[in-house]
Each structure stands twice: as structure tokens, then as C-alpha cells.
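Trainee: Sharing query.txt here; it has compact mmCIF, C-alpha atoms.
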```
# COMPACT_ATOMS: atom_id res chain seq x y z
CA MET O 1 84.68 140.37 119.35
CA ASP O 2 86.74 137.18 119.74
CA LEU O 3 85.78 133.65 118.68
CA LEU O 4 84.38 132.62 122.06
CA ASP O 5 82.24 135.75 122.35
CA ARG O 6 80.93 135.35 118.80
CA PHE O 7 80.29 131.64 119.32
CA THR O 8 78.33 132.10 122.55
CA ALA O 9 76.44 135.08 121.13
CA LEU O 10 75.27 132.94 118.21
CA LEU O 11 74.21 130.08 120.50
CA ASP O 12 72.31 132.51 122.71
CA GLN O 13 70.71 134.32 119.76
CA GLU O 14 69.55 131.03 118.21
CA LYS O 15 68.55 129.61 121.61
CA VAL O 16 70.82 126.59 121.21
CA GLN O 17 71.02 124.64 124.45
CA TYR O 18 74.61 123.64 125.19
CA CYS O 19 77.16 122.94 127.87
CA VAL O 20 80.94 122.78 128.14
CA ILE O 21 82.08 119.20 128.75
CA GLY O 22 85.86 118.81 128.28
CA GLY O 23 89.02 120.10 129.90
CA GLN O 24 87.58 123.59 130.23
CA ALA O 25 84.69 122.08 132.18
CA VAL O 26 87.25 120.44 134.49
CA ASN O 27 88.90 123.87 134.81
CA ALA O 28 85.56 125.35 135.89
CA TYR O 29 85.57 123.06 138.96
CA VAL O 30 89.26 122.83 139.93
CA ASP O 31 92.41 124.94 139.61
CA PRO O 32 92.61 125.62 135.87
CA LEU O 33 95.30 124.46 133.47
CA VAL O 34 96.06 126.24 130.21
CA SER O 35 94.10 124.88 127.27
CA LEU O 36 92.98 126.34 123.97
CA ASP O 37 90.36 123.65 123.40
CA LEU O 38 86.68 124.03 124.22
CA ASP O 39 84.54 120.88 124.02
CA VAL O 40 80.82 121.54 123.87
CA ALA O 41 77.72 119.34 123.81
CA VAL O 42 74.41 120.55 122.43
CA ALA O 43 70.90 119.34 123.18
CA ALA O 44 69.72 116.50 120.94
CA HIS O 45 67.04 118.68 119.33
CA ASP O 46 69.71 121.26 118.34
CA GLN O 47 72.18 118.82 116.76
CA GLU O 48 70.51 118.82 113.34
CA ARG O 49 70.80 122.58 112.88
CA ILE O 50 74.05 123.41 114.66
CA ALA O 51 76.38 122.89 111.67
CA THR O 52 74.27 125.14 109.44
CA LEU O 53 74.09 127.86 112.09
CA LEU O 54 77.82 127.82 112.75
CA ALA O 55 78.78 127.74 109.06
CA ARG O 56 77.26 131.21 108.62
CA ASP O 57 80.01 132.81 110.72
CA PHE O 58 82.78 130.27 111.28
CA ARG O 59 84.92 127.67 109.58
CA VAL O 60 83.32 124.29 110.36
CA GLU O 61 84.90 120.89 109.73
CA ALA O 62 82.54 117.92 110.07
CA PHE O 63 83.71 114.58 111.45
CA PRO O 64 81.67 111.45 112.25
CA HIS O 65 81.04 112.40 115.89
CA SER O 66 82.01 116.05 116.08
CA LEU O 67 82.24 119.45 114.44
CA ASN O 68 85.41 121.53 114.71
CA VAL O 69 84.76 125.26 114.79
CA SER O 70 87.45 127.88 114.18
CA ALA O 71 87.95 131.43 112.97
CA PRO O 72 90.90 133.24 111.39
CA GLY O 73 93.14 134.91 113.95
CA SER O 74 91.98 132.77 116.87
CA ASP O 75 93.99 130.02 118.56
CA LEU O 76 90.88 128.72 120.34
CA ARG O 77 89.62 125.39 119.00
CA ILE O 78 85.96 124.62 119.63
CA GLN O 79 84.74 121.07 119.17
CA ILE O 80 81.03 120.30 119.19
CA GLN O 81 80.58 116.71 120.38
CA LEU O 82 77.69 114.95 118.63
CA ASP O 83 77.75 111.75 120.70
CA PRO O 84 74.17 111.46 122.01
CA ARG O 85 75.45 110.54 125.49
CA TYR O 86 76.71 114.10 125.93
CA ALA O 87 73.39 115.69 124.94
CA GLU O 88 72.01 114.23 128.19
CA PHE O 89 74.32 116.56 130.14
CA VAL O 90 72.78 119.76 128.78
CA PRO O 91 69.60 119.98 130.90
CA HIS O 92 71.59 119.73 134.15
CA ALA O 93 74.27 122.32 133.27
CA THR O 94 74.88 125.40 135.39
CA THR O 95 76.58 128.69 134.59
CA ARG O 96 80.25 128.83 135.61
CA ASP O 97 83.29 130.88 134.65
CA VAL O 98 85.21 129.45 131.66
CA LEU O 99 88.07 131.44 130.14
CA GLY O 100 86.74 134.52 131.92
CA VAL O 101 83.28 134.12 130.36
CA PRO O 102 80.11 132.83 132.04
CA LEU O 103 79.18 129.64 130.15
CA ARG O 104 76.87 126.69 130.69
CA VAL O 105 78.99 123.86 132.13
CA ALA O 106 78.01 120.24 132.70
CA ARG O 107 77.59 119.09 136.31
CA VAL O 108 80.82 117.87 137.85
CA GLN O 109 79.42 114.31 137.89
CA ASP O 110 78.80 114.51 134.13
CA VAL O 111 82.22 116.03 133.45
CA LEU O 112 83.77 113.12 135.34
CA ARG O 113 81.61 110.62 133.45
CA ARG O 114 82.75 112.10 130.14
CA LYS O 115 86.39 111.87 131.21
CA VAL O 116 85.90 108.23 132.27
CA TRP O 117 84.39 107.41 128.87
CA ALA O 118 87.23 109.19 127.08
CA ALA O 119 89.99 107.60 129.18
CA SER O 120 88.46 104.17 128.55
CA ASP O 121 88.21 104.61 124.77
CA SER O 122 91.03 102.53 123.29
CA THR O 123 90.50 104.13 119.86
CA ARG O 124 91.75 107.49 121.19
CA ARG O 125 95.42 108.41 121.10
CA ALA O 126 97.35 107.35 124.19
CA SER O 127 98.40 110.95 124.88
CA LYS O 128 94.74 112.05 124.94
CA ARG O 129 93.80 109.22 127.30
CA GLN O 130 96.65 110.24 129.63
CA LYS O 131 95.30 113.79 129.73
CA ASP O 132 91.85 112.39 130.55
CA LEU O 133 93.37 110.39 133.42
CA ALA O 134 95.05 113.54 134.72
CA ASP O 135 91.71 115.37 134.55
CA ILE O 136 90.04 112.52 136.47
CA ALA O 137 92.75 112.80 139.15
CA ARG O 138 92.24 116.57 139.38
CA LEU O 139 88.48 116.13 139.81
CA LEU O 140 88.86 113.40 142.44
CA GLU O 141 91.30 115.53 144.45
CA ARG O 142 88.64 118.22 144.71
CA PHE O 143 85.61 115.88 144.86
CA PRO O 144 86.77 112.66 146.59
CA GLU O 145 83.14 111.65 147.10
CA LEU O 146 82.97 110.91 143.34
CA ARG O 147 85.66 108.22 143.52
CA SER O 148 83.01 105.47 143.35
CA GLU O 149 82.03 106.77 139.89
CA VAL O 150 85.41 105.77 138.44
CA PRO O 151 86.03 102.13 137.44
CA SER O 152 88.73 100.40 139.48
CA GLU O 153 90.88 99.77 136.39
CA LEU O 154 91.11 103.53 135.84
CA LEU O 155 91.69 104.28 139.53
CA GLN O 156 94.68 101.92 139.46
CA ARG O 157 96.19 103.94 136.60
CA LEU O 158 95.98 107.28 138.42
CA VAL O 159 99.31 108.63 139.60
```
Could you render the structure from this file as C-alpha cells?
Mentor:
Amino acid sequence: MDLLDRFTALLDQEKVQYCVIGGQAVNAYVDPLVSLDLDVAVAAHDQERIATLLARDFRVEAFPHSLNVSAPGSDLRIQIQLDPRYAEFVPHATTRDVLGVPLRVARVQDVLRRKVWAASDSTRRASKRQKDLADIARLLERFPELRSEVPSELLQRLV
């Protein structure tokens, strides 16, 4: 069983409420790009116990606003986002195909909101913010009705 299968099996077994929120969530709504990162949000009531649960079976590195989850032999990098804003996405998530696996994915509006927050965060590396802008552009190509959700200063930076 690979890292993603083991990870989702543990979340399901422990009834952890979650959703995919990053680039893989974008991929669930538009033509996918290759990425070995999986960004996940968990419900607020599950955030206290998630690190302990994951540490039983995986390597877990704790950071101020996230947990990085990995396993030997896997190139997949899972990052649990602990920002409370993302926990609000979990109740509205739906099941979609991610990396060939049915996973809970944030609504497209929430995925876009997350990308707007990330692209606007001046503390993030410029290369990461550029990727977020590209993801915003990909989402708006497919869902032009969401254009009003993106601040004008970001819209001006889209290619």
C-alpha cells in the first residue's frame, strides 16, 4: 500500500474530517498538472489529535502552521495545513478524483480562496506565489464566473 492509500485509510479509520485544498485540489477541477504535493485541511476538532495519529505510521515534521507527512520510499509530500481558515472548507467538501484516488476536495470556490490567500502572502517565496497565480488563472479559465472572487491587484498580475 502506498503513502496516499495508507494516509487516507488512517483518516477514514479514525474518522478524521479532511479535504484536499492545494494544487491537487486545482487538478481535481481543471486539466491536471504534475505535482507530488498534497495539501490537506482537517476539521478544527481533529487538529489536536492529527499529529499523534499520523506519527504512529508516518514521519511527521511539525511547523508553526502545518505538519509535513512522509514515508520512506515515497516521493509524495503531504502537508496538513493547520490555519483555522482552511478548516472551514471541510464541511463543504465533495468527493473527487485526486491522483487516481477518490478524496474529499474543497469546493472550487474555497480552492480559489485558498489560492488567493497564498498568492497574496508576501512572506511566501516568490516562486510559490507565481505557482498560486498560475493556479488562479487555470481555475478562472474553467470557472470564469468566479473572477469577481479575485482581487483586482491579483487579476492584473495574471498572464
Trainee: In terms of the shortest atom-to-atom distance over only C-alpha atoms, which of O:Ser148, O:Gln156, O:Gln17, O:Ser127 is closest to Gln47 in chain O?
Mentor: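 Smallest distance to Gln47 in chain O is found for O:Gln17.
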Trainee: Quick one: residues within 12 Å of Arg6 in chain O, only C-alpha atoms counted, chain neighbours fewer than 2 positions away excluded, as a count of residues only?
Mentor: 20
Trainee: Can you measure CA of His45 in chain O to CA of Tyr29 in chain O for me? One decimal in Å is fine.
Mentor: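 Rounded to one decimal, the two atoms are 27.3 Å apart.
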Trainee: Compare O:Leu155, O:Leu38, O:Ala25, O:Ala137 by their minimum atom-to-atom distance to Thr95 in chain O, counting all atoms listed in the file, and give me the closest one.
Mentor: O:Ala25
Trainee: So the first atom is CA of Val98 in chain O and the second is CA of Val26 in chain O; what is the distance between them in Å, to one decimal place?
Mentor: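 Between these atoms lies a distance of 9.7 Å.
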Trainee: Given the choices O:Ala118, O:Leu76, O:Leu154, O:Leu146, which gets closest to Leu36 in chain O if the distance is worked out from only C-alpha atoms?
Mentor: O:Leu76
Trainee: Quick one: distance from CA of Glu153 in chain O to CA of Arg114 in chain O in Å, one decimal?
Mentor: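 Taking CA of Glu153 in chain O as the start and CA of Arg114 in chain O as the end point, the length is 16.0 Å.
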Trainee: Of the candidates O:Leu53, O:Ala62, O:Val30, O:Val105, which shows the shortest atom-to-atom distance to Leu140 in chain O, using all atoms listed in the file?
Mentor: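 That would be O:Val30, the residue with the smallest distance to Leu140 in chain O.
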Trainee: Need the shell around Glu149 in chain O: protein/DNA/RNA residues with any atom at most 12 Å away, counting only C-alpha atoms. Skip same-chain ones fewer than 5 positions apart. Format as a ChimeraX atom specification?
Mentor: /O:108-117,136,139-140,143-144,154-155
Trainee: Assuming 5 Å of padding per side, give the centre and edge lengths of the axis-aligned box around every listed atom of range 89-98 of chain O, in Å to one decimal and as lines of an AutoDock Vina configuration file.
Mentor:
```
center_x = 77.4
center_y = 123.7
center_z = 132.2
size_x = 25.6
size_y = 24.3
size_z = 16.8
```
Trainee: Counting all atoms listed in the file, which of O:Gln79, O:Asn68, O:Gln24, O:Ser152 gets nearest to Arg104 in chain O?
Mentor: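 For Arg104 in chain O, the nearest of the given residues is O:Gln24.
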Trainee: Applying 10 Å and all atoms listed in the file, which residues near Val40 in chain O remain after dropping the ones on its own chain fewer than 3 positions away? List them as a list of chain:residue names.
Mentor: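 Returned residues: O:Tyr18, O:Cys19, O:Val20, O:Ile21, O:Gly22, O:Gln24, O:Ala25, O:Asp37, O:Ser66, O:Leu67, O:Ile78, O:Gln79, O:Ile80, O:Gln81, O:Leu82, O:Tyr86, O:Ala87, O:Val90, O:Arg104, O:Val105, O:Ala106.
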Trainee: From the set O:His65, O:Arg49, O:Val42, O:Leu158, which residue has the shortest atom-to-atom contact distance to Arg138 in chain O, counting only C-alpha atoms?
Mentor: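 The shortest atom-to-atom distance to Arg138 in chain O comes from O:Leu158.
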